[in-house]
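K.L.:
Structure in structure tokens, see below.
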Amino acid sequence: MENVEVNGNGNGNGNGSTRRRAPLNRKQSTPMMPAFMVSAPGKVIVFGEHAVVYGKAAIAAAVSLRSYLLVTALSKSKRTISLRFPDINLSHTWNIDDLPWSTFSQPGKKKYYYDLVTALDPELLAAMKPHLATVSLDQPDDIRKVHQSSASCFLYLLLSLGSQSFPGCLYTLRSTIPIGAGLGSSASISVCLAAALLLQIRTLSGPHPDQPSEEARLQIERINRWAFVGEMCIHGTIASGVDNTVATQGKAVVFQRTDYSKPPRVKPLWNFPELPLLLVDTRQPKSTAVEVAKVAALKKAHPQITESILHAIDKVSEGAAELIGRDEFDSEEMASLEDLGKLMTINHGLLVALGVSHPRLERIRELVDHEGIGWTKLTGAGGGGCAITLLKPGVSPEKLKRLEDTLEREKYRKFETTLGCDGVGVLLPAVLKNGTEDDMGGEEIDQEKFLKADGIEGVEELVGVQGDGGDREAWKFWRVED
Ligand SMILES: Nc1ncnc2c1ncn2[C@@H]1O[C@H](COP(=O)(O)OP(=O)(O)OP(=O)(O)O)[C@@H](O)[C@H]1O
Ligand SMILES: C[C@@](O)(CCO)CC(=O)[O-]
């Protein structure tokens, strides 16, 4: 366990000025920021993955699986930034003063918290390269690649938003979202990192309960813009931004980005129905970048055919949004579910045509079809990852049990999750009522406790946004509903 001196000084350059900060030996006036946490959900794409990369509409909903990031400031004399990401076994430390701040703060390169960054800058990526090359040198190539993507997401955001006077800090991240399973794990960590850094440079207001929704929306928008930058670092390719948008805002959205130089069109679906969904992980690892590249290659080889498929997916997503929005849509009634289910079946078929399914995804569909208990589609990038099944009402428990037993035997994993959950949340300071309160009425979450929490249940029990008795009120969310 690392020995942490906690007594840092939070500051940053969120004031839009390009001037350098006061020399480090001068007394700093900004008060220290206590240890704090941020959290963001994973997502399922209900309709429209892949097509959304090409400007078509998609519907996505936040799930109850989440990432949690603990930020601890170090003492002023400790000029290091450390990442501890135990889910992927990543542990890395940089010396703050060795990082390429000058390249990131050059005129024309410097970006501010309110900027809209729509592409990664090759010169900045090149400046970061030597500092990523030293990450996990002792690991095999495939693992090092995963470590370097997560590290690049953090470093690009830190260097873009921070300055050389940034305080020494520890970033400890744990997630309950399976990685690379199509449930938006990368977006969720990007949102956490973007929100944490924006909070550290003191550019976000709230969240507080009586904050006007307009103001809350602006904070969400800023986090989302930077989370998108983090997503681009991880994917190493074009990302539509749907995952980070739903992970930031929470609930469910219709998302469309027709022009990459502009913000996307995001229509919140506040009353997203409680659909009876079965979420199954193939446990077949995949990479979003690889699957997105497959579609790009198909589009290059067969432009007209691919465009027709993408156009058809767009119509399916639009049709689903219209259906869900109807007053008479009833998520407990066969006729409504059947209409929606048929659209899921069509969407899945079109994804198969794009070449992003996988035999293990097809097996889930086959088993569900065989029992006749619902409608299945892959969700997320495909190539493995997860499938969602919309269950028919009144499915017999025997049939469901038979399906679940077969899935278990064939090494699939079933997830219990709810759709339409909260977006990015903040726990500041990192103190929670856990039933083991001290005199001040709360339990301080430190790195040691956080790292020791046992598995998903342990993390949820220690810091989860939902306690046993419902929402834990110390976690705060930007409320954007009107
Ligand atoms: N808990 C985590 N800790 C550290 N890095 C993570 C974590 N979760 C995700 N990542 C980063 O995100 C990458 C996975 O991103 P990828 O887009 O391939 O999968 P996904 O986000 O789970 O799926 P999809 O984009 O289809 O929803 C990992 O390789 C890693 O770099
Ligand atoms: C495959 C994709 O459409 C969804 C991944 O969850 C990629 C993206 O939108 O960035």
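Just remember, in the structure tokens the first chain shown is A, the second B, etc., residues are 1-based per chain, and ligands are 1-based in the order shown.
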Please identify every polymer residue within 7 Å of ligand 2, using only C-alpha atoms and all ligand atoms, and present the set as a PyMOL selection string.

P.N.:
chain A and resi 45+49-53+182-184+238-243+288+291-292+380-381

K.L.:
Limited to N, CA and C atoms, could you put the picked residues into a file as a PDB file, in the first residue's frame?

P.N.:
```
ATOM      1  N   ILE A  45     -26.991   0.618 -25.284  1.00  0.00           N
ATOM      2  CA  ILE A  45     -27.582   1.239 -26.464  1.00  0.00           C
ATOM      3  C   ILE A  45     -28.775   0.369 -26.825  1.00  0.00           C
ATOM      4  N   GLU A  49     -26.589   1.641 -32.445  1.00  0.00           N
ATOM      5  CA  GLU A  49     -25.129   1.636 -32.397  1.00  0.00           C
ATOM      6  C   GLU A  49     -24.565   1.520 -33.808  1.00  0.00           C
ATOM      7  N   HIS A  50     -23.367   1.963 -33.980  1.00  0.00           N
ATOM      8  CA  HIS A  50     -22.632   2.037 -35.247  1.00  0.00           C
ATOM      9  C   HIS A  50     -23.234   3.064 -36.199  1.00  0.00           C
ATOM     10  N   ALA A  51     -24.544   2.991 -36.462  1.00  0.00           N
ATOM     11  CA  ALA A  51     -25.134   3.979 -37.363  1.00  0.00           C
ATOM     12  C   ALA A  51     -24.934   5.383 -36.779  1.00  0.00           C
ATOM     13  N   VAL A  52     -24.901   5.453 -35.438  1.00  0.00           N
ATOM     14  CA  VAL A  52     -24.764   6.745 -34.754  1.00  0.00           C
ATOM     15  C   VAL A  52     -23.412   7.397 -35.066  1.00  0.00           C
ATOM     16  N   VAL A  53     -22.407   6.592 -35.395  1.00  0.00           N
ATOM     17  CA  VAL A  53     -21.098   7.142 -35.764  1.00  0.00           C
ATOM     18  C   VAL A  53     -21.222   7.919 -37.081  1.00  0.00           C
ATOM     19  N   GLY A 182     -19.339  -3.735 -24.068  1.00  0.00           N
ATOM     20  CA  GLY A 182     -20.372  -2.975 -24.767  1.00  0.00           C
ATOM     21  C   GLY A 182     -21.248  -2.166 -23.838  1.00  0.00           C
ATOM     22  N   LEU A 183     -20.840  -2.076 -22.561  1.00  0.00           N
ATOM     23  CA  LEU A 183     -21.671  -1.347 -21.591  1.00  0.00           C
ATOM     24  C   LEU A 183     -21.082   0.013 -21.228  1.00  0.00           C
ATOM     25  N   GLY A 184     -20.218   0.520 -22.089  1.00  0.00           N
ATOM     26  CA  GLY A 184     -19.742   1.896 -21.915  1.00  0.00           C
ATOM     27  C   GLY A 184     -18.765   2.091 -20.779  1.00  0.00           C
ATOM     28  N   ILE A 238     -12.810   7.559 -34.362  1.00  0.00           N
ATOM     29  CA  ILE A 238     -13.971   8.427 -34.174  1.00  0.00           C
ATOM     30  C   ILE A 238     -14.981   7.747 -33.256  1.00  0.00           C
ATOM     31  N   ALA A 239     -15.404   8.473 -32.241  1.00  0.00           N
ATOM     32  CA  ALA A 239     -16.492   7.997 -31.387  1.00  0.00           C
ATOM     33  C   ALA A 239     -17.646   8.973 -31.605  1.00  0.00           C
ATOM     34  N   SER A 240     -18.860   8.458 -31.542  1.00  0.00           N
ATOM     35  CA  SER A 240     -19.988   9.354 -31.796  1.00  0.00           C
ATOM     36  C   SER A 240     -20.237  10.282 -30.616  1.00  0.00           C
ATOM     37  N   GLY A 241     -19.890   9.820 -29.407  1.00  0.00           N
ATOM     38  CA  GLY A 241     -20.175  10.619 -28.210  1.00  0.00           C
ATOM     39  C   GLY A 241     -21.460  10.202 -27.523  1.00  0.00           C
ATOM     40  N   VAL A 242     -22.138   9.180 -28.052  1.00  0.00           N
ATOM     41  CA  VAL A 242     -23.400   8.771 -27.409  1.00  0.00           C
ATOM     42  C   VAL A 242     -23.133   8.188 -26.021  1.00  0.00           C
ATOM     43  N   ASP A 243     -22.066   7.409 -25.882  1.00  0.00           N
ATOM     44  CA  ASP A 243     -21.801   6.742 -24.595  1.00  0.00           C
ATOM     45  C   ASP A 243     -21.512   7.765 -23.500  1.00  0.00           C
ATOM     46  N   THR A 288     -14.001  -1.750 -29.122  1.00  0.00           N
ATOM     47  CA  THR A 288     -14.893  -0.852 -29.861  1.00  0.00           C
ATOM     48  C   THR A 288     -14.182  -0.331 -31.112  1.00  0.00           C
ATOM     49  N   GLU A 291     -14.310  -2.855 -33.918  1.00  0.00           N
ATOM     50  CA  GLU A 291     -15.649  -3.022 -34.517  1.00  0.00           C
ATOM     51  C   GLU A 291     -16.039  -1.808 -35.360  1.00  0.00           C
ATOM     52  N   VAL A 292     -15.695  -0.612 -34.851  1.00  0.00           N
ATOM     53  CA  VAL A 292     -16.007   0.616 -35.614  1.00  0.00           C
ATOM     54  C   VAL A 292     -15.199   0.599 -36.924  1.00  0.00           C
ATOM     55  N   GLY A 380     -24.110  -2.115 -27.975  1.00  0.00           N
ATOM     56  CA  GLY A 380     -22.742  -1.569 -27.965  1.00  0.00           C
ATOM     57  C   GLY A 380     -22.054  -1.909 -29.268  1.00  0.00           C
ATOM     58  N   ALA A 381     -20.754  -2.082 -29.180  1.00  0.00           N
ATOM     59  CA  ALA A 381     -19.994  -2.231 -30.419  1.00  0.00           C
ATOM     60  C   ALA A 381     -20.131  -3.601 -31.071  1.00  0.00           C
TER      61      ALA A 381
END
```

K.L.:
Determine, counting only C-alpha atoms, which protein, DNA and RNA residues have an atom within 10 Å of an atom of Lys452 of chain A; residues of the same chain fewer than 6 positions away are not included. Present the result as an MDAnalysis selection string.

P.N.:
chainID A and resid 458:459 462

K.L.:
Could those selected residues go to a file with N, CA and C atoms, as a tab-separated table (two decimals), in the first residue's frame?

P.N.:
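Writing done, so here's again-v2.tsv:
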```
chain	number	residue	atom	x	y	z
A	458	GLY	N	-18.53	-5.21	-2.69
A	458	GLY	CA	-17.75	-4.43	-1.72
A	458	GLY	C	-17.71	-2.96	-2.11
A	459	VAL	N	-17.49	-2.69	-3.40
A	459	VAL	CA	-17.43	-1.29	-3.87
A	459	VAL	C	-18.80	-0.64	-3.67
A	462	LEU	N	-19.44	0.03	0.01
A	462	LEU	CA	-18.63	1.10	0.60
A	462	LEU	C	-19.00	2.47	0.06
```

K.L.:
Please identify every polymer residue within 8 Å of ligand 1, using only C-alpha atoms and all ligand atoms, and present the set as a VMD selection string.

P.N.:
chain A and resid 42 to 44 67 85 to 88 90 145 to 151 173 to 189 231 234 to 235 243 286 to 289 379 to 382 385

K.L.:
The selected residues should be written to file as a short mmCIF file (atom, residue, chain, number, x, y, z; two decimals), in the first residue's frame (atoms: N, CA and C atoms).

P.N.:
```
data_model
loop_
_atom_site.label_atom_id
_atom_site.label_comp_id
_atom_site.auth_asym_id
_atom_site.auth_seq_id
_atom_site.Cartn_x
_atom_site.Cartn_y
_atom_site.Cartn_z
N GLY A 42 -22.55 3.19 -16.52
CA GLY A 42 -22.41 2.58 -17.84
C GLY A 42 -23.72 2.79 -18.59
N LYS A 43 -23.82 2.20 -19.75
CA LYS A 43 -25.02 2.40 -20.57
C LYS A 43 -25.37 1.17 -21.39
N VAL A 44 -26.61 1.09 -21.81
CA VAL A 44 -26.89 0.18 -22.92
C VAL A 44 -27.41 1.01 -24.09
N SER A 67 -18.79 3.46 -12.51
CA SER A 67 -17.38 3.63 -12.12
C SER A 67 -17.33 4.64 -10.98
N PHE A 85 -5.47 2.08 -10.98
CA PHE A 85 -6.67 1.55 -11.62
C PHE A 85 -6.64 0.02 -11.45
N PRO A 86 -7.02 -0.50 -10.27
CA PRO A 86 -6.82 -1.93 -10.00
C PRO A 86 -7.63 -2.86 -10.91
N ASP A 87 -8.73 -2.39 -11.49
CA ASP A 87 -9.52 -3.28 -12.36
C ASP A 87 -8.68 -3.80 -13.52
N ILE A 88 -7.73 -2.97 -13.97
CA ILE A 88 -6.87 -3.42 -15.08
C ILE A 88 -5.43 -3.59 -14.60
N LEU A 90 -3.42 -1.41 -13.28
CA LEU A 90 -2.56 -0.30 -13.69
C LEU A 90 -2.18 0.54 -12.48
N LYS A 145 -1.19 -2.13 -23.84
CA LYS A 145 -2.03 -1.30 -24.72
C LYS A 145 -3.26 -0.79 -23.96
N VAL A 146 -3.88 -1.69 -23.20
CA VAL A 146 -5.05 -1.29 -22.39
C VAL A 146 -4.63 -0.23 -21.38
N HIS A 147 -3.48 -0.46 -20.71
CA HIS A 147 -3.01 0.49 -19.70
C HIS A 147 -2.74 1.85 -20.34
N GLN A 148 -2.12 1.80 -21.52
CA GLN A 148 -1.77 3.07 -22.15
C GLN A 148 -3.00 3.83 -22.64
N SER A 149 -4.06 3.10 -23.06
CA SER A 149 -5.27 3.85 -23.47
C SER A 149 -5.88 4.57 -22.28
N SER A 150 -5.97 3.87 -21.14
CA SER A 150 -6.57 4.53 -19.97
C SER A 150 -5.69 5.69 -19.51
N ALA A 151 -4.36 5.45 -19.53
CA ALA A 151 -3.44 6.51 -19.10
C ALA A 151 -3.49 7.70 -20.06
N LEU A 173 -9.33 4.42 -9.15
CA LEU A 173 -10.58 4.16 -9.88
C LEU A 173 -11.01 2.71 -9.75
N ARG A 174 -12.28 2.52 -9.44
CA ARG A 174 -12.82 1.15 -9.47
C ARG A 174 -14.18 1.19 -10.15
N SER A 175 -14.46 0.14 -10.90
CA SER A 175 -15.69 0.15 -11.66
C SER A 175 -16.45 -1.16 -11.47
N THR A 176 -17.77 -1.07 -11.51
CA THR A 176 -18.59 -2.29 -11.44
C THR A 176 -19.06 -2.67 -12.85
N ILE A 177 -18.57 -1.94 -13.86
CA ILE A 177 -18.97 -2.21 -15.25
C ILE A 177 -17.96 -3.18 -15.87
N PRO A 178 -18.43 -4.29 -16.48
CA PRO A 178 -17.46 -5.16 -17.13
C PRO A 178 -16.76 -4.41 -18.26
N ILE A 179 -15.46 -4.63 -18.40
CA ILE A 179 -14.67 -3.85 -19.37
C ILE A 179 -14.76 -4.48 -20.76
N GLY A 180 -14.99 -3.64 -21.75
CA GLY A 180 -15.03 -4.11 -23.13
C GLY A 180 -16.22 -5.01 -23.42
N ALA A 181 -17.32 -4.82 -22.68
CA ALA A 181 -18.50 -5.67 -22.87
C ALA A 181 -19.63 -4.91 -23.56
N GLY A 182 -19.34 -3.74 -24.07
CA GLY A 182 -20.37 -2.98 -24.77
C GLY A 182 -21.25 -2.17 -23.84
N LEU A 183 -20.84 -2.08 -22.56
CA LEU A 183 -21.67 -1.35 -21.59
C LEU A 183 -21.08 0.01 -21.23
N GLY A 184 -20.22 0.52 -22.09
CA GLY A 184 -19.74 1.90 -21.91
C GLY A 184 -18.76 2.09 -20.78
N SER A 185 -17.91 1.09 -20.53
CA SER A 185 -16.95 1.25 -19.42
C SER A 185 -15.99 2.40 -19.71
N SER A 186 -15.57 2.54 -20.96
CA SER A 186 -14.59 3.59 -21.26
C SER A 186 -15.23 4.97 -21.10
N ALA A 187 -16.47 5.10 -21.55
CA ALA A 187 -17.15 6.40 -21.42
C ALA A 187 -17.32 6.75 -19.95
N SER A 188 -17.67 5.74 -19.16
CA SER A 188 -17.90 5.98 -17.75
C SER A 188 -16.62 6.49 -17.07
N ILE A 189 -15.46 5.88 -17.40
CA ILE A 189 -14.23 6.37 -16.76
C ILE A 189 -13.84 7.74 -17.32
N GLU A 231 -12.84 9.82 -24.40
CA GLU A 231 -13.30 8.69 -25.20
C GLU A 231 -12.50 8.56 -26.49
N ILE A 234 -9.24 6.88 -25.81
CA ILE A 234 -9.32 5.43 -25.58
C ILE A 234 -9.63 4.69 -26.88
N HIS A 235 -10.58 5.21 -27.64
CA HIS A 235 -10.98 4.49 -28.85
C HIS A 235 -9.95 4.61 -29.97
N ASP A 243 -22.07 7.41 -25.88
CA ASP A 243 -21.80 6.74 -24.60
C ASP A 243 -21.51 7.77 -23.50
N LYS A 286 -13.92 -7.75 -26.70
CA LYS A 286 -13.89 -7.08 -28.02
C LYS A 286 -13.35 -5.68 -27.83
N SER A 287 -13.04 -5.06 -28.94
CA SER A 287 -12.59 -3.68 -28.85
C SER A 287 -13.52 -2.83 -29.70
N THR A 288 -14.00 -1.75 -29.12
CA THR A 288 -14.89 -0.85 -29.86
C THR A 288 -14.18 -0.33 -31.11
N ALA A 289 -12.89 0.01 -30.94
CA ALA A 289 -12.14 0.57 -32.06
C ALA A 289 -12.13 -0.41 -33.24
N THR A 379 -25.78 -5.21 -28.07
CA THR A 379 -25.80 -3.83 -27.63
C THR A 379 -24.36 -3.33 -27.50
N GLY A 380 -24.11 -2.11 -27.97
CA GLY A 380 -22.74 -1.57 -27.97
C GLY A 380 -22.05 -1.91 -29.27
N ALA A 381 -20.75 -2.08 -29.18
CA ALA A 381 -19.99 -2.23 -30.42
C ALA A 381 -20.13 -3.60 -31.07
N GLY A 382 -20.54 -4.63 -30.31
CA GLY A 382 -20.64 -5.98 -30.88
C GLY A 382 -19.28 -6.66 -30.95
N GLY A 385 -19.02 -8.93 -26.35
CA GLY A 385 -19.75 -7.99 -25.49
C GLY A 385 -21.14 -8.51 -25.14
#
```

K.L.:
Leaving out segment 302-314 of chain A and any residue of its chain fewer than 2 positions from it, which residues lie within 9 Å of it when counting only C-alpha atoms, given as a list in words?

P.N.:
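Returned residues: Phe47, Gly48, Glu49, His50, Ala51, Val52, Tyr54, Gly55, Lys56, Ala57, Ala58, Val295, Ala297, Leu298, Lys299, Lys300, Val316, Ser317, Glu318, Gly319, Ile346, Asn347, Leu350, Leu351, Ala353 and Leu354 of chain A.
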
K.L.:
DSSP on the backbone: which residues in segment 154-387 of chain A end up as helix (DSSP H, G or I)? Give the answer as a PyMOL selection string.

P.N.:
chain A and resi 154-161+185-200+213-235+242-249+288-301+303-325+334-354+359-371

K.L.:
For each of A:Pro100, A:Pro107, A:Pro359, A:Gly236, take the minimum atom-to-atom distance to Gln164 of chain A, counting only C-alpha atoms, then give the residue where this is smallest.

P.N.:
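Answer, going by the shortest atom-to-atom distance: A:Pro100.
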
K.L.:
Give the strand (DSSP E) residues of segment 5-149 of chain A, as DSSP finds them on the backbone, and put them as a PyMOL selection string.

P.N.:
chain A and resi 36-47+58-73+80-85+90-95
